[in-house]
Number of protein chains: 2
Amino acid sequence: MIPQTTLEPVWIAGRWQAEPAPEGELQSYNPKTGEALAQRFPISGDATLQAALEAGRSAAEELRSVAPERIASLLERCAANLERDRDALVDSAHQETGLPREPRLRNVELPRTIDQLRQAAAAVRSRSFCDPQIDTKNNLRSLRGPLGGAVAVFGPNNFPFAFNAVMGGDFAAALAAGNPVIAKAHPGHLSTTQRLAQAASEALVALELPPATIQLIYALPPELGLDLVAHPSLGASAFTGSRRAGLRLKAAADRAGKPIYLELSAINPVFVLPGALEERGPAIARELAASCTMGAGQFCTKPGVSVLSAGSAADAFCAELEAVLRAAPAGTLLSPSGAEQIQASLASWTSHGARLRVGGKPAAAPGFGFEATLCSVSAEQFLAHSEALQSEAFGPVHLTILADSSSQMLAVAARLEGSLTGCIYSHSQGEDDATYDRLAAGLRPRVGRLLNDKMPTGVAVSPAMNHGGPFPATGHPGFSSVGLPGSITRFTALHSYDAVRERRLPAELRDANPGSLWRRIDGEWSRGDVSPRAS
Amino acid sequence: MIPQTTLEPVWIAGRWQAEPAPEGELQSYNPKTGEALAQRFPISGDATLQAALEAGRSAAEELRSVAPERIASLLERCAANLERDRDALVDSAHQETGLPREPRLRNVELPRTIDQLRQAAAAVRSRSFCDPQIDTKNNLRSLRGPLGGAVAVFGPNNFPFAFNAVMGGDFAAALAAGNPVIAKAHPGHLSTTQRLAQAASEALVALELPPATIQLIYALPPELGLDLVAHPSLGASAFTGSRRAGLRLKAAADRAGKPIYLELSAINPVFVLPGALEERGPAIARELAASCTMGAGQFCTKPGVSVLSAGSAADAFCAELEAVLRAAPAGTLLSPSGAEQIQASLASWTSHGARLRVGGKPAAAPGFGFEATLCSVSAEQFLAHSEALQSEAFGPVHLTILADSSSQMLAVAARLEGSLTGCIYSHSQGEDDATYDRLAAGLRPRVGRLLNDKMPTGVAVSPAMNHGGPFPATGHPGFSSVGLPGSITRFTALHSYDAVRERRLPAELRDANPGSLWRRIDGEWSRGDVSPRAS
């Protein structure tokens, strides 16, 4: 049971406890009304941080002797508890984020979160992320093991379930690899996060796992956040959120030599090639408008810019886009500061030659509404001010870039910062193929996921997903935060065993295959045992 | 042909050319005599750096349309040219490093280097590093592709062939992934590096590959080195060398969001448990002495400290170690500054309670000789001054730590920084097993490779090798610089393809398997095609 205190209790070392020395307090808001919610949460101080770190260090040691089966059960129990608590969770998340109960929260995001936990449990059982390598000739064996310290997870504002610091993707991946989690809630949905932590704590207790396997802090003063990611006993950090906050954490973690995985801003360009524009421009415009306004445009993969060749087909495309966006209801932003940030981006865009075509203002209604907004700019202007014009506007806001020619479209592509996604729409019968090839070659190294003829806002939880990309979309172009087993790999260390005696090896590396694990034995993938005379 | 100039020419954009604006010059030394060698090499200026970066960027683009088969051929041609040039290379490296022509340079290091290049060629053909993932249900496919920019490789002093910035392990891995290389030579063996680059340039020309696929700069002022690793057009960097220089580069690369792979200092602890000490202490001491003096102790994996339980068996061990080291010839250090650095470490050790037992001085002979050196310290002292007492002494120098008990050995382990390797010697019949289990649990997260009953100085080029480890041994605990295909993975970006039309996919991801590549199709490893109705 969560004890009653004035400020809500943190969850440290297996106990819900009052923050002993709060540095301040905070509340979540109801974005529909703009009103602060009643519950008050502490900003934790150093004593709590140190206690969490010490308990996390010690839990990391204890987890080394916990069988994978029990970690898998924990993840499944977490999933089951989310199903059990569905109604309360959906209500809480709706109140704190303004996201629709249905279909978004109940029918899409919560099931996806549950599915991620179950996929992680399956990956723990199959050990697919361990990548066992066995070299019989040299008697060398390796796998990916836990980091030896807790993983700090900083959740973002835009997915109160699927990316939550508790129960979200990074949480599931870090646990699956055998690491404890120190979760740092997002201030936008503190009560939802507390409910998720309550569900997780019940799972931990039921399975008799080390109590500090999962801990929760709601908030930290900025300097203590830096201390957390740089702490010697920490294994790694994962952060999804704003570029400014993420880069501060990155600098601190980098100085300490601690891995940090970041998912920062991205503008996710959409290129519509001339043949596609002629063939089906208005249909693509409607798709684009839907993708830009989904979740009030607050998706990491929201298409922030589109690039077209100017002309009558582009005019028709823009007219359709304008019409749909003008008719769209205002989106509800997640936080009180959202509108201000968007307006700052719009001011920067327009002062660098962009023209406002639709929207541009907070909605008149109470709460954090913002109009669906469209700007356009010439490619010439974009090329002259590409840094200012690719600042992210996190909301239902889009910038169309009009190029004079295909080669100017390529020049725009060459100026883009790293993004999570890049889309190219091309003529269905191959009329754009020559341009496609040149554009795709330029775009490929700048994005994590390259799409054809579809919008990027759906992010499947698939082994072939890359929800990642080159800096500044993330901190490293080799890792995805979505998709198993890859996302788990981030939270592992490479462990080689050289002439280690058989009984001392992890089960995954012994001669006898402990299940039907895929292992690479002398260069070939196999589900069999190491043959006694394989060398 | 290399043109004659006063200063040796750099190799930029396919041309051997005089450095237009040298910032200075440098020479390598003959460590056996201490004399500077005749050839003079330029320290390059910014114009050369920018030219190399621009040519590297453009070569990265060109390489995207080069078939893997041609990259494999390049690596093989490089290997063949090394075989062809063996005599001259061995002479040059011997003169510049003092390492024995035989067996070390001719029979061990050069064949290993040739083998690495051939293994890399095989990995290019098998695409084993690409990790192709195919999700037929979502029509999502992913693989590891090149970074989109050149890789800067900074070679170390201690392996003039196997880790050379040209032809060494990082070079082979970066090329195998499809990236151009900008090599930064080590000042210790400039002429050898030039010869290697000449052999590489002949291979490039013969295969008609983009001329800037490989480039060579001998030296840069420190601030230009920082500019190199942080440059927007660079893909990544790899550095093997001193912690001080490596951390400066890391800070610059991190700020720019550019991946950098570091292999820095490591003390590679060896624990000898009480049963093993009783059973075969003197034999282990002889093994340890051989490992510490191999290559004059200038191996990244040299055991820098050993940890024993004090007592009569430890006395016998130390007596044997002392005797063998006292009788060992002085080792030849690689650089004029080597002795000074070792003496600084020894001074720090002895001022923190260590006792000098053998050696401790530069050798009297001409050149850069240094006596085989042994110090010892109590575990109590070590625990009180663990930072000072684990500073690396790069040379034939070892520190023995004498513990009062097994639990004090565990306390020492808990205080160790991240290292490349950790060894545990234990009783052959299981007498040490309980201690082993506790010690291995503490040591595992601190080292990349855990060994039983053997010394760490042999580093097999194997898929199961980890020549890596937690910070500060390297910059990230998940990567190895030795062992294919893992070492290649470092120089890749994760590329996901979402609904991309079949003919536009990389060959590795099309339905038809282009060779007999291992691919994970809907979660299962397979060498087959995607079945037409797999979804």
# chains A, B, ... in the order shown; residues from 1 in each chain; ligands from 1
$ residues_around --residues "Ala59 of chain A" --least-positions-apart "2" --cutoff "8 Å" --atoms "only C-alpha atoms" --output "list in words"
Ala55, Gly56, Arg57, Glu61, Glu62, Leu63, Ala150, Pro180, Pro210, Pro211, Ala212 and Thr213 of chain A
$ residues_around --residues "segment 125-135 of chain B" --least-positions-apart "6" --cutoff "6 Å" --atoms "only C-alpha atoms" --output "list in words"
Ala464 of chain A; Arg141, Ser142, Leu143, Arg144, Pro485, Thr489, Leu517, Arg519, Arg520, Ile521 and Asp522 of chain B
$ residues_around --residues "Ser462 of chain B" --least-positions-apart "4" --cutoff "12 Å" --atoms "only C-alpha atoms" --output "number ranges by chain"
A: 133-142, 496-498, 520-523; B: 112, 115-116, 119-120, 458, 466-467, 480-487
$ write_last_selection --atoms "C-alpha atoms" --output "CSV table (one decimal), in the first residue's frame"
chain,number,residue,atom,x,y,z
A,133,GLN,CA,29.2,-17.1,-30.0
A,134,ILE,CA,31.2,-20.3,-29.5
A,135,ASP,CA,34.6,-20.8,-30.9
A,136,THR,CA,35.5,-24.4,-30.2
A,137,LYS,CA,39.0,-24.2,-31.7
A,138,ASN,CA,40.2,-21.5,-29.3
A,139,ASN,CA,37.8,-22.4,-26.5
A,140,LEU,CA,36.5,-18.9,-26.5
A,141,ARG,CA,32.9,-18.1,-25.9
A,142,SER,CA,31.0,-14.9,-25.6
A,496,SER,CA,34.0,-13.1,-23.4
A,497,TYR,CA,35.0,-16.3,-21.6
A,498,ASP,CA,38.5,-17.6,-22.4
A,520,ARG,CA,26.7,-19.2,-33.6
A,521,ILE,CA,29.0,-22.1,-33.2
A,522,ASP,CA,32.2,-21.8,-35.2
A,523,GLY,CA,30.6,-19.3,-37.5
B,112,ARG,CA,48.0,-12.2,-38.0
B,115,ASP,CA,44.8,-13.2,-41.7
B,116,GLN,CA,42.6,-10.3,-40.3
B,119,GLN,CA,38.8,-12.7,-42.4
B,120,ALA,CA,37.4,-9.3,-43.1
B,458,GLY,CA,47.2,-13.9,-26.5
B,466,ASN,CA,36.2,-9.4,-26.6
B,467,HIS,CA,39.1,-7.1,-26.9
B,480,SER,CA,35.2,-5.4,-29.3
B,481,SER,CA,38.0,-4.1,-31.6
B,482,VAL,CA,39.2,-7.6,-32.3
B,483,GLY,CA,37.1,-10.5,-33.6
B,484,LEU,CA,34.9,-10.6,-36.7
B,485,PRO,CA,32.1,-9.8,-37.4
B,486,GLY,CA,31.7,-7.9,-34.2
B,487,SER,CA,34.5,-5.4,-34.8
$ residues_around --residues "segment 68-71 of chain A" --least-positions-apart "3" --cutoff "8 Å" --atoms "only C-alpha atoms" --output "ChimeraX atom specification"
/A:74-75,121,124-125,175-176,178,207
$ residues_around --residues "Ser309 of chain B" --least-positions-apart "3" --cutoff "10 Å" --atoms "only C-alpha atoms" --output "list of chain:residue names"
B:Phe271, B:Val272, B:Leu273, B:Pro274, B:Leu277, B:Ser312, B:Ala313, B:Ala314, B:Asp315, B:Ser378, B:Ala379, B:Ile401, B:Leu402, B:Ala403, B:Asp404, B:Ser405, B:Ser406, B:Ser407, B:Gln408, B:Met409
$ write_last_selection --atoms "N, CA and C atoms" --output "PDB file, in the first residue's frame"
ATOM      1  N   PHE B 271      44.166 -12.927 -10.681  1.00  0.00           N
ATOM      2  CA  PHE B 271      43.939 -13.414  -9.329  1.00  0.00           C
ATOM      3  C   PHE B 271      44.413 -14.863  -9.245  1.00  0.00           C
ATOM      4  N   VAL B 272      45.229 -15.150  -8.238  1.00  0.00           N
ATOM      5  CA  VAL B 272      45.657 -16.532  -8.020  1.00  0.00           C
ATOM      6  C   VAL B 272      45.046 -16.968  -6.696  1.00  0.00           C
ATOM      7  N   LEU B 273      44.096 -17.876  -6.764  1.00  0.00           N
ATOM      8  CA  LEU B 273      43.369 -18.277  -5.554  1.00  0.00           C
ATOM      9  C   LEU B 273      44.233 -19.229  -4.723  1.00  0.00           C
ATOM     10  N   PRO B 274      43.929 -19.316  -3.419  1.00  0.00           N
ATOM     11  CA  PRO B 274      44.824 -20.041  -2.504  1.00  0.00           C
ATOM     12  C   PRO B 274      45.135 -21.478  -2.932  1.00  0.00           C
ATOM     13  N   LEU B 277      47.548 -21.446  -5.734  1.00  0.00           N
ATOM     14  CA  LEU B 277      48.849 -20.962  -5.269  1.00  0.00           C
ATOM     15  C   LEU B 277      49.627 -22.100  -4.607  1.00  0.00           C
ATOM     16  N   SER B 312      52.965 -18.495   3.015  1.00  0.00           N
ATOM     17  CA  SER B 312      54.203 -19.103   2.514  1.00  0.00           C
ATOM     18  C   SER B 312      54.098 -19.435   1.026  1.00  0.00           C
ATOM     19  N   ALA B 313      52.911 -19.824   0.554  1.00  0.00           N
ATOM     20  CA  ALA B 313      52.779 -20.118  -0.875  1.00  0.00           C
ATOM     21  C   ALA B 313      52.958 -18.850  -1.691  1.00  0.00           C
ATOM     22  N   ALA B 314      52.432 -17.739  -1.164  1.00  0.00           N
ATOM     23  CA  ALA B 314      52.617 -16.460  -1.860  1.00  0.00           C
ATOM     24  C   ALA B 314      54.097 -16.075  -1.847  1.00  0.00           C
ATOM     25  N   ASP B 315      54.778 -16.355  -0.734  1.00  0.00           N
ATOM     26  CA  ASP B 315      56.220 -16.040  -0.682  1.00  0.00           C
ATOM     27  C   ASP B 315      56.969 -16.805  -1.762  1.00  0.00           C
ATOM     28  N   SER B 378      50.614  -4.250  -0.105  1.00  0.00           N
ATOM     29  CA  SER B 378      49.576  -4.979   0.624  1.00  0.00           C
ATOM     30  C   SER B 378      48.205  -4.568   0.083  1.00  0.00           C
ATOM     31  N   ALA B 379      47.271  -5.488   0.207  1.00  0.00           N
ATOM     32  CA  ALA B 379      45.907  -5.165  -0.227  1.00  0.00           C
ATOM     33  C   ALA B 379      45.354  -3.998   0.576  1.00  0.00           C
ATOM     34  N   ILE B 401      49.762  -7.661  -5.478  1.00  0.00           N
ATOM     35  CA  ILE B 401      48.979  -7.192  -4.326  1.00  0.00           C
ATOM     36  C   ILE B 401      48.751  -8.375  -3.394  1.00  0.00           C
ATOM     37  N   LEU B 402      49.171  -8.221  -2.147  1.00  0.00           N
ATOM     38  CA  LEU B 402      49.086  -9.330  -1.194  1.00  0.00           C
ATOM     39  C   LEU B 402      47.939  -9.101  -0.225  1.00  0.00           C
ATOM     40  N   ALA B 403      46.968  -9.998  -0.293  1.00  0.00           N
ATOM     41  CA  ALA B 403      45.765  -9.858   0.532  1.00  0.00           C
ATOM     42  C   ALA B 403      45.882 -10.728   1.776  1.00  0.00           C
ATOM     43  N   ASP B 404      45.158 -10.345   2.824  1.00  0.00           N
ATOM     44  CA  ASP B 404      45.160 -11.129   4.057  1.00  0.00           C
ATOM     45  C   ASP B 404      44.208 -12.307   3.975  1.00  0.00           C
ATOM     46  N   SER B 405      43.262 -12.229   3.064  1.00  0.00           N
ATOM     47  CA  SER B 405      42.180 -13.215   3.060  1.00  0.00           C
ATOM     48  C   SER B 405      41.510 -13.194   1.699  1.00  0.00           C
ATOM     49  N   SER B 406      40.718 -14.212   1.464  1.00  0.00           N
ATOM     50  CA  SER B 406      39.957 -14.236   0.220  1.00  0.00           C
ATOM     51  C   SER B 406      38.991 -13.068   0.157  1.00  0.00           C
ATOM     52  N   SER B 407      38.422 -12.697   1.304  1.00  0.00           N
ATOM     53  CA  SER B 407      37.454 -11.602   1.236  1.00  0.00           C
ATOM     54  C   SER B 407      38.160 -10.283   0.928  1.00  0.00           C
ATOM     55  N   GLN B 408      39.417 -10.171   1.329  1.00  0.00           N
ATOM     56  CA  GLN B 408      40.148  -8.960   0.940  1.00  0.00           C
ATOM     57  C   GLN B 408      40.463  -8.973  -0.565  1.00  0.00           C
ATOM     58  N   MET B 409      40.662 -10.169  -1.124  1.00  0.00           N
ATOM     59  CA  MET B 409      40.830 -10.258  -2.576  1.00  0.00           C
ATOM     60  C   MET B 409      39.561  -9.761  -3.282  1.00  0.00           C
TER      61      MET B 409
END
$ atom_distance --atom1 "atom CA of Ile182 of chain B" --atom2 "atom CA of Ala80 of chain B"
21.4 Å
$ residues_around --residues "Ser337 of chain B" --least-positions-apart "4" --cutoff "12 Å" --atoms "only C-alpha atoms" --output "VMD selection string"
chain B and resid 29 31 34 157 188 333 341 to 344 362 367 to 370 394 to 395
$ write_last_selection --atoms "N, CA and C atoms" --output "PDB file, in the first residue's frame"
ATOM      1  N   TYR B  29      62.094   6.870 -34.265  1.00  0.00           N
ATOM      2  CA  TYR B  29      63.383   6.543 -33.647  1.00  0.00           C
ATOM      3  C   TYR B  29      63.690   5.070 -33.816  1.00  0.00           C
ATOM      4  N   PRO B  31      64.568   2.385 -31.474  1.00  0.00           N
ATOM      5  CA  PRO B  31      64.579   2.237 -30.020  1.00  0.00           C
ATOM      6  C   PRO B  31      65.799   1.474 -29.505  1.00  0.00           C
ATOM      7  N   GLY B  34      68.340   4.487 -29.861  1.00  0.00           N
ATOM      8  CA  GLY B  34      67.895   5.792 -29.384  1.00  0.00           C
ATOM      9  C   GLY B  34      68.042   6.884 -30.416  1.00  0.00           C
ATOM     10  N   ASN B 157      51.153   2.635 -30.763  1.00  0.00           N
ATOM     11  CA  ASN B 157      52.585   2.405 -30.994  1.00  0.00           C
ATOM     12  C   ASN B 157      52.979   0.933 -30.980  1.00  0.00           C
ATOM     13  N   GLY B 188      55.561   6.543 -33.825  1.00  0.00           N
ATOM     14  CA  GLY B 188      56.603   5.552 -33.547  1.00  0.00           C
ATOM     15  C   GLY B 188      57.036   4.739 -34.755  1.00  0.00           C
ATOM     16  N   LEU B 333      61.719  -0.369 -24.927  1.00  0.00           N
ATOM     17  CA  LEU B 333      60.475   0.395 -25.032  1.00  0.00           C
ATOM     18  C   LEU B 333      60.341   0.982 -26.428  1.00  0.00           C
ATOM     19  N   GLN B 341      57.489   7.760 -18.448  1.00  0.00           N
ATOM     20  CA  GLN B 341      56.120   7.461 -18.023  1.00  0.00           C
ATOM     21  C   GLN B 341      56.096   6.316 -17.010  1.00  0.00           C
ATOM     22  N   ILE B 342      56.914   5.296 -17.266  1.00  0.00           N
ATOM     23  CA  ILE B 342      56.961   4.185 -16.309  1.00  0.00           C
ATOM     24  C   ILE B 342      57.475   4.675 -14.960  1.00  0.00           C
ATOM     25  N   GLN B 343      58.534   5.483 -14.993  1.00  0.00           N
ATOM     26  CA  GLN B 343      59.094   5.938 -13.720  1.00  0.00           C
ATOM     27  C   GLN B 343      58.104   6.816 -12.943  1.00  0.00           C
ATOM     28  N   ALA B 344      57.297   7.565 -13.673  1.00  0.00           N
ATOM     29  CA  ALA B 344      56.264   8.356 -12.983  1.00  0.00           C
ATOM     30  C   ALA B 344      55.267   7.430 -12.287  1.00  0.00           C
ATOM     31  N   PRO B 362      65.734   2.514 -16.192  1.00  0.00           N
ATOM     32  CA  PRO B 362      66.090   2.324 -17.590  1.00  0.00           C
ATOM     33  C   PRO B 362      67.370   1.494 -17.673  1.00  0.00           C
ATOM     34  N   GLY B 367      69.759   3.251 -26.351  1.00  0.00           N
ATOM     35  CA  GLY B 367      68.378   2.955 -26.733  1.00  0.00           C
ATOM     36  C   GLY B 367      67.425   3.061 -25.560  1.00  0.00           C
ATOM     37  N   PHE B 368      66.207   2.567 -25.806  1.00  0.00           N
ATOM     38  CA  PHE B 368      65.122   2.785 -24.853  1.00  0.00           C
ATOM     39  C   PHE B 368      64.866   1.563 -23.975  1.00  0.00           C
ATOM     40  N   GLY B 369      65.949   0.968 -23.439  1.00  0.00           N
ATOM     41  CA  GLY B 369      65.761  -0.222 -22.620  1.00  0.00           C
ATOM     42  C   GLY B 369      65.196   0.101 -21.245  1.00  0.00           C
ATOM     43  N   PHE B 370      64.446  -0.850 -20.702  1.00  0.00           N
ATOM     44  CA  PHE B 370      63.949  -0.709 -19.329  1.00  0.00           C
ATOM     45  C   PHE B 370      63.979  -2.083 -18.665  1.00  0.00           C
ATOM     46  N   PHE B 394      53.248   1.228 -18.736  1.00  0.00           N
ATOM     47  CA  PHE B 394      53.259   0.541 -20.032  1.00  0.00           C
ATOM     48  C   PHE B 394      54.678   0.074 -20.339  1.00  0.00           C
ATOM     49  N   GLY B 395      54.971  -1.156 -19.942  1.00  0.00           N
ATOM     50  CA  GLY B 395      56.307  -1.716 -20.103  1.00  0.00           C
ATOM     51  C   GLY B 395      56.411  -2.984 -19.270  1.00  0.00           C
TER      52      GLY B 395
END
$ select_by_dssp --residues "segment 440-533 of chain B" --states "alpha helix (DSSP H)" --output "list in words"
Ala440, Ala441, Gly442, Leu443, Gly486, Ser487, Ile488 and Thr489 of chain B
$ atom_distance --atom1 "atom CA of Ser386 of chain B" --atom2 "atom CA of Thr293 of chain B"
23.8 Å
$ residues_around --residues "Ser426 of chain B" --least-positions-apart "2" --cutoff "12 Å" --atoms "only C-alpha atoms" --output "compact mmCIF listing (two decimals) with N, CA and C atoms, in the first residue's frame"
# COMPACT_ATOMS: atom_id res chain seq x y z
N VAL A 500 37.35 -20.74 -19.89
CA VAL A 500 36.64 -20.85 -18.61
C VAL A 500 36.05 -22.26 -18.50
N ARG A 501 36.19 -22.84 -17.32
CA ARG A 501 35.75 -24.23 -17.14
C ARG A 501 34.24 -24.36 -17.37
N ARG A 504 31.45 -23.37 -15.02
CA ARG A 504 31.44 -21.97 -14.62
C ARG A 504 30.88 -21.06 -15.71
N VAL B 270 45.27 -10.29 -12.52
CA VAL B 270 45.37 -11.75 -12.43
C VAL B 270 45.19 -12.14 -10.97
N PHE B 271 44.17 -12.93 -10.68
CA PHE B 271 43.94 -13.41 -9.33
C PHE B 271 44.41 -14.86 -9.25
N VAL B 272 45.23 -15.15 -8.24
CA VAL B 272 45.66 -16.53 -8.02
C VAL B 272 45.05 -16.97 -6.70
N LEU B 273 44.10 -17.88 -6.76
CA LEU B 273 43.37 -18.28 -5.55
C LEU B 273 44.23 -19.23 -4.72
N PRO B 274 43.93 -19.32 -3.42
CA PRO B 274 44.82 -20.04 -2.50
C PRO B 274 45.14 -21.48 -2.93
N GLY B 275 44.13 -22.21 -3.41
CA GLY B 275 44.38 -23.60 -3.80
C GLY B 275 45.35 -23.69 -4.97
N ALA B 276 45.19 -22.80 -5.95
CA ALA B 276 46.09 -22.80 -7.10
C ALA B 276 47.50 -22.38 -6.69
N LEU B 277 47.55 -21.45 -5.73
CA LEU B 277 48.85 -20.96 -5.27
C LEU B 277 49.63 -22.10 -4.61
N GLU B 278 48.92 -22.89 -3.79
CA GLU B 278 49.54 -24.06 -3.15
C GLU B 278 49.93 -25.10 -4.18
N GLU B 279 49.01 -25.33 -5.11
CA GLU B 279 49.15 -26.44 -6.05
C GLU B 279 50.27 -26.20 -7.05
N ARG B 280 50.36 -24.97 -7.59
CA ARG B 280 51.29 -24.75 -8.69
C ARG B 280 51.74 -23.30 -8.79
N GLY B 281 51.94 -22.67 -7.60
CA GLY B 281 52.33 -21.26 -7.55
C GLY B 281 53.53 -20.90 -8.42
N ILE B 284 52.82 -20.84 -12.11
CA ILE B 284 52.01 -19.67 -12.49
C ILE B 284 52.88 -18.42 -12.51
N LEU B 308 47.12 -12.00 -4.66
CA LEU B 308 47.35 -13.29 -4.00
C LEU B 308 47.00 -13.19 -2.52
N CYS B 423 41.90 -12.42 -15.11
CA CYS B 423 42.22 -13.85 -15.06
C CYS B 423 42.03 -14.36 -13.65
N ILE B 424 41.53 -15.57 -13.56
CA ILE B 424 41.48 -16.24 -12.25
C ILE B 424 42.12 -17.61 -12.39
N SER B 428 43.01 -27.06 -9.53
CA SER B 428 42.53 -27.90 -10.63
C SER B 428 41.44 -28.88 -10.19
N GLN B 429 41.39 -29.18 -8.89
CA GLN B 429 40.41 -30.16 -8.44
C GLN B 429 39.24 -29.53 -7.68
N GLY B 430 39.10 -28.22 -7.82
CA GLY B 430 37.88 -27.59 -7.30
C GLY B 430 38.00 -27.01 -5.91
N GLU B 431 39.20 -27.03 -5.29
CA GLU B 431 39.29 -26.52 -3.92
C GLU B 431 38.94 -25.04 -3.81
N ASP B 432 39.13 -24.30 -4.90
CA ASP B 432 38.87 -22.86 -4.84
C ASP B 432 37.47 -22.48 -5.32
N ASP B 433 36.64 -23.47 -5.59
CA ASP B 433 35.42 -23.16 -6.35
C ASP B 433 34.49 -22.15 -5.67
N ALA B 434 34.38 -22.23 -4.35
CA ALA B 434 33.46 -21.30 -3.68
C ALA B 434 33.99 -19.87 -3.82
N THR B 435 35.30 -19.70 -3.61
CA THR B 435 35.88 -18.36 -3.77
C THR B 435 35.78 -17.91 -5.22
N TYR B 436 36.03 -18.86 -6.13
CA TYR B 436 35.95 -18.51 -7.55
C TYR B 436 34.60 -17.89 -7.87
N ASP B 437 33.55 -18.53 -7.42
CA ASP B 437 32.22 -18.05 -7.81
C ASP B 437 31.98 -16.63 -7.33
N LEU B 439 34.31 -14.39 -6.57
CA LEU B 439 35.24 -13.48 -7.24
C LEU B 439 34.81 -13.23 -8.69
N ALA B 440 34.43 -14.29 -9.38
CA ALA B 440 34.04 -14.13 -10.79
C ALA B 440 32.82 -13.23 -10.90
N LEU B 451 39.29 -14.90 -18.02
CA LEU B 451 40.07 -16.11 -18.35
C LEU B 451 40.20 -17.01 -17.14
N ASN B 452 40.32 -18.29 -17.39
CA ASN B 452 40.64 -19.27 -16.36
C ASN B 452 42.00 -19.87 -16.64
N ASP B 453 42.87 -19.79 -15.65
CA ASP B 453 44.12 -20.56 -15.69
C ASP B 453 44.97 -20.28 -16.91
N LYS B 454 44.91 -19.07 -17.42
CA LYS B 454 45.82 -18.69 -18.48
C LYS B 454 46.01 -17.18 -18.47
$ select_by_dssp --residues "segment 426-527 of chain A" --states "strand (DSSP E)" --output "list in words"
Val447, Gly448, Arg449, Leu450, Leu451, Asn452, Thr492, Ala493, Leu494, His495, Ser496, Tyr497, Asp498, Arg519, Arg520, Ile521, Glu524, Trp525 and Ser526 of chain A
$ atom_distance --atom1 "atom CA of Ala330 of chain B" --atom2 "atom CA of Phe159 of chain B"
19.2 Å
$ closest_residue --among "B:Asp227, B:Glu320, B:Asp529, B:Asp87" --to "Gly45 of chain B" --atoms "only C-alpha atoms"
B:Asp227
$ closest_residue --among "A:Ala245, A:Ala441, A:Ala13, A:Val447" --to "Ser201 of chain A" --atoms "only C-alpha atoms"
A:Ala13
$ closest_residue --among "B:Pro303, B:Pro103, B:Pro187, B:Pro456" --to "chain A" --atoms "only C-alpha atoms"
B:Pro456
$ closest_residue --among "A:Val324, A:Leu37, A:Ala173, A:Leu190" --to "Leu89 of chain A" --atoms "only C-alpha atoms"
A:Leu190
